[in-house]
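Step one of this worksheet: look at the structure below.
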Amino acid sequence: MSLDLLSCMQGFMAIAEYGGFSAAARHLHLTPPILTKQIQRLEAYVGRPLFERTTRSVLLTEVGRTYLTHVRRITADIEEARAAANNIEREPHGEIRLGVPGIFGFTPFIKMLHGFLAEHPKIVLHTVEAGGYEMFADDKVDILINELDLHDQRLNQEFLVALHRGIYASPAYLAEHGTPAAIADLEQHNCLLYRPISPYGEWRVSASKKVRVYGNYSSNSGQNLICAAVAGMGLIWSPAITLQDRLDAGQLVEVMVTDQPFESPFYIYYPPTRRGSNVQLLVDYLKRSMQEFVANL
């Protein structure tokens, strides 16, 4: 494979990832005309159009979608080969930007990050509170952990872990307002809303049941919402292990409104164009560590 063909493939993936020629050209530090010529050469090489172009959008053709799957694998293998050759002579180093849910400030997860950095002391890790795909478009993260199933072909998606998610409150709140015993009782309680997961005020209280809840306090910060629950402001819907320190201290207790526990899946995302040795190291480490931790609970 020539380096020119590889450059064309990288340009093709960037357009698919960023949704247009101009944004992809900026990311690749190319001019749009150069990127356009690369795609023309690639389409001539493939023999079929890869994009449907209009004045308002650039969309992959059916051929383009199929070709993208193979190109991602090819370029990932090339990158892994380059990284493997480099790692023979030097240990992993550089920066990784990790997007995590706001509720992932719990001690065991921080210890996992500590363990990763202890194994790879030349890597610098930055964490930011997670959003959606826009985190990649704005170059804020290299890896994203998210509870939402994004269904985005521009990203590699891998299952991370399934966590028990329940409803919790402080003893003081329950003493003042009573303890809900059924799903319908939630309507009578102040429910604290974590906007990234419940933008429309819905809680999934079992695998097959969603319920609309209401409250006078919401936040985009998971840790802020946990503190609000501890302060007695209302009920919180959260994965159990993110609250474990609070539960062990008796600051929060679980409220059972159903006998059908809900396991909330979390996923880990990263763009194929950013797949490198450091990113893959952290992805594999987090999957292994989280799954081992949950299995030992």
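In the structure tokens, chains take letters A, B, ... by order of appearance, with residues numbered from 1 within each chain and ligands from 1 in the order shown.
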
Non-local contacts of region 46-56 of chain A (10 Å; only C-alpha atoms; under 4 positions in same chain excluded) as a list of chain:residue names:
A:Phe12, A:Ile15, A:Ala16, A:Gly20, A:Ile39, A:Gln40, A:Arg41, A:Leu42, A:Leu60, A:Thr61, A:Glu62, A:Val63, A:Gly64, A:Arg65, A:Thr66, A:Tyr67, A:Leu68

Grab the residues selected above and save them as a PDB file, in the first residue's frame with C-alpha atoms.
ATOM      1  CA  PHE A  12     -12.026   9.450   3.725  1.00  0.00           C
ATOM      2  CA  ILE A  15     -14.870  13.157   6.313  1.00  0.00           C
ATOM      3  CA  ALA A  16     -17.071  10.306   7.570  1.00  0.00           C
ATOM      4  CA  GLY A  20     -17.995  17.217   5.865  1.00  0.00           C
ATOM      5  CA  ILE A  39     -11.284  11.538  -2.377  1.00  0.00           C
ATOM      6  CA  GLN A  40     -11.473  11.762  -6.159  1.00  0.00           C
ATOM      7  CA  ARG A  41      -8.352   9.552  -6.406  1.00  0.00           C
ATOM      8  CA  LEU A  42      -9.790   7.119  -3.865  1.00  0.00           C
ATOM      9  CA  LEU A  60     -21.821   8.016   2.729  1.00  0.00           C
ATOM     10  CA  THR A  61     -23.195   5.912  -0.104  1.00  0.00           C
ATOM     11  CA  GLU A  62     -23.957   2.249   0.576  1.00  0.00           C
ATOM     12  CA  VAL A  63     -20.597   1.436  -1.025  1.00  0.00           C
ATOM     13  CA  GLY A  64     -18.981   4.089   1.160  1.00  0.00           C
ATOM     14  CA  ARG A  65     -20.418   2.592   4.348  1.00  0.00           C
ATOM     15  CA  THR A  66     -19.121  -0.858   3.440  1.00  0.00           C
ATOM     16  CA  TYR A  67     -15.741   0.503   2.384  1.00  0.00           C
ATOM     17  CA  LEU A  68     -15.486   2.516   5.632  1.00  0.00           C
TER      18      LEU A  68
END

Set the distance at 7 Å and use only C-alpha atoms: which residues neighbour Pro92 (chain A) once local chain neighbours fewer than 6 positions away are removed? I'd like the list as a ChimeraX atom specification.
/A:120,122-123,278

Please dump the current selection as a tab-separated table (two decimals), in the first residue's frame; keep N, CA and C atoms.
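Heads up, here's the output in again-v3.tsv:
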chain	number	residue	atom	x	y	z
A	120	HIS	N	2.02	2.65	33.82
A	120	HIS	CA	2.54	3.42	32.68
A	120	HIS	C	2.86	4.85	33.15
A	122	LYS	N	4.80	7.15	32.30
A	122	LYS	CA	5.10	8.22	31.35
A	122	LYS	C	3.85	8.71	30.61
A	123	ILE	N	2.71	8.13	30.91
A	123	ILE	CA	1.45	8.60	30.33
A	123	ILE	C	0.83	9.64	31.26
A	278	ASN	N	-1.61	3.93	23.14
A	278	ASN	CA	-2.02	4.42	24.45
A	278	ASN	C	-3.53	4.30	24.65

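Put simply, CA of Ser57 (chain A) is 23.0 Å away from CA of Asn156 (chain A).
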
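Using only C-alpha atoms for every distance, the candidate list A:Trp203, A:Val124, A:Val141, A:Ser289 yields A:Val124 as the residue closest to His93 (chain A).
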
Shell around Val253 (chain A) at 12 Å using only C-alpha atoms, local window under 2 positions removed, as a ChimeraX atom specification:
/A:166-175,179,229-230,232,235-238,240,243-251,255-256

Tell me which protein, DNA and RNA residues are within 9 Å of Tyr285 (chain A), counting only C-alpha atoms, leaving out same-chain ones fewer than 5 positions away, and put them as a ChimeraX atom specification.
/A:112,116,280,290

Show me, as a PyMOL selection string, the residues that have an atom within 10 Å of region 260-268 of chain A when counting only C-alpha atoms, minus same-chain residues fewer than 2 positions from it.
chain A and resi 99-101+143-150+155-166+204-209+238-239+256-258+270+283+286-287

Could you please take those selected residues and save C-alpha atoms as an mmCIF file, in the first residue's frame?
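Written output follows (result-v1.cif):
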data_model
loop_
_atom_site.group_PDB
_atom_site.id
_atom_site.type_symbol
_atom_site.label_atom_id
_atom_site.label_comp_id
_atom_site.auth_asym_id
_atom_site.auth_seq_id
_atom_site.Cartn_x
_atom_site.Cartn_y
_atom_site.Cartn_z
ATOM 1 C CA GLY A 99 -14.446 11.514 29.171
ATOM 2 C CA VAL A 100 -16.241 9.962 32.148
ATOM 3 C CA PRO A 101 -19.795 10.278 33.499
ATOM 4 C CA ILE A 143 -11.986 7.979 24.831
ATOM 5 C CA LEU A 144 -15.531 8.374 26.133
ATOM 6 C CA ILE A 145 -17.403 6.304 28.726
ATOM 7 C CA ASN A 146 -21.136 6.714 28.357
ATOM 8 C CA GLU A 147 -24.313 5.049 29.529
ATOM 9 C CA LEU A 148 -26.046 5.991 26.282
ATOM 10 C CA ASP A 149 -25.904 3.613 23.331
ATOM 11 C CA LEU A 150 -24.845 6.167 20.724
ATOM 12 C CA LEU A 155 -16.983 5.436 16.596
ATOM 13 C CA ASN A 156 -15.660 2.135 17.840
ATOM 14 C CA GLN A 157 -18.068 0.993 20.553
ATOM 15 C CA GLU A 158 -17.197 -1.672 23.139
ATOM 16 C CA PHE A 159 -19.189 -2.904 26.113
ATOM 17 C CA LEU A 160 -17.566 -1.770 29.363
ATOM 18 C CA VAL A 161 -19.673 -3.038 32.274
ATOM 19 C CA ALA A 162 -23.245 -3.427 33.543
ATOM 20 C CA LEU A 163 -23.966 -1.759 36.892
ATOM 21 C CA HIS A 164 -26.944 -2.133 39.217
ATOM 22 C CA ARG A 165 -28.858 1.152 39.138
ATOM 23 C CA GLY A 166 -31.281 1.944 41.926
ATOM 24 C CA ARG A 204 -35.795 3.280 34.101
ATOM 25 C CA VAL A 205 -36.758 1.449 37.275
ATOM 26 C CA SER A 206 -36.610 -2.033 35.705
ATOM 27 C CA ALA A 207 -35.557 -3.643 32.439
ATOM 28 C CA SER A 208 -39.045 -3.093 31.008
ATOM 29 C CA LYS A 209 -40.367 -0.060 32.898
ATOM 30 C CA SER A 238 -27.820 6.162 40.284
ATOM 31 C CA PRO A 239 -25.551 3.126 39.878
ATOM 32 C CA MET A 256 -36.986 -0.507 46.705
ATOM 33 C CA VAL A 257 -39.973 0.283 44.489
ATOM 34 C CA THR A 258 -39.732 -2.864 42.346
ATOM 35 C CA TYR A 270 -13.179 5.925 20.647
ATOM 36 C CA VAL A 283 -9.536 0.828 26.850
ATOM 37 C CA LEU A 286 -10.645 -0.227 31.999
ATOM 38 C CA LYS A 287 -12.703 -3.081 30.536
#

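When DSSP is run on the backbone, the residues of region 24-97 of chain A that fall into strand (DSSP E or B) are Phe51, Glu52, Arg53, Val58, Leu59, Leu60, Gly94, Glu95, Ile96 and Arg97 of chain A.
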
What's around Asp139 (chain A) at 12 Å? Count only C-alpha atoms, leave out sequence neighbours fewer than 4 positions away in its own chain, and write the answer as a VMD selection string.
chain A and resid 18 23 26 to 27 96 to 99 128 133 to 135 143 to 144 270 to 271 274

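In this comparison, which uses only C-alpha atoms, the residue of A:Ile78, A:Ile103, A:Val71, A:Ala85 approaching Pro196 (chain A) most closely is A:Ile103.
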
Excluding Leu35 (chain A) and its own-chain neighbours fewer than 4 positions away, which residues fall within 8 Å of it when counting only C-alpha atoms? Please give them as an MDAnalysis selection string.
chainID A and resid 8 11 21 25 30:31 39

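Across the structure, CA of Lys210 (chain A) and CA of Glu129 (chain A) are spaced 25.4 Å apart.
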
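With CA of Glu187 (chain A) on one side and CA of Gln223 (chain A) on the other, the separation reads 24.1 Å.
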
Given only C-alpha atoms as the basis, pick out the residue of A:Gly132, A:Gly19, A:Pro121, A:Gly102 nearest to Ser219 (chain A).
A:Gly102

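Of the residues listed (A:Val294, A:Ala14, A:Cys191, A:Met9), A:Met9 shows the shortest atom-to-atom separation from Tyr45 (chain A); distances use only C-alpha atoms.
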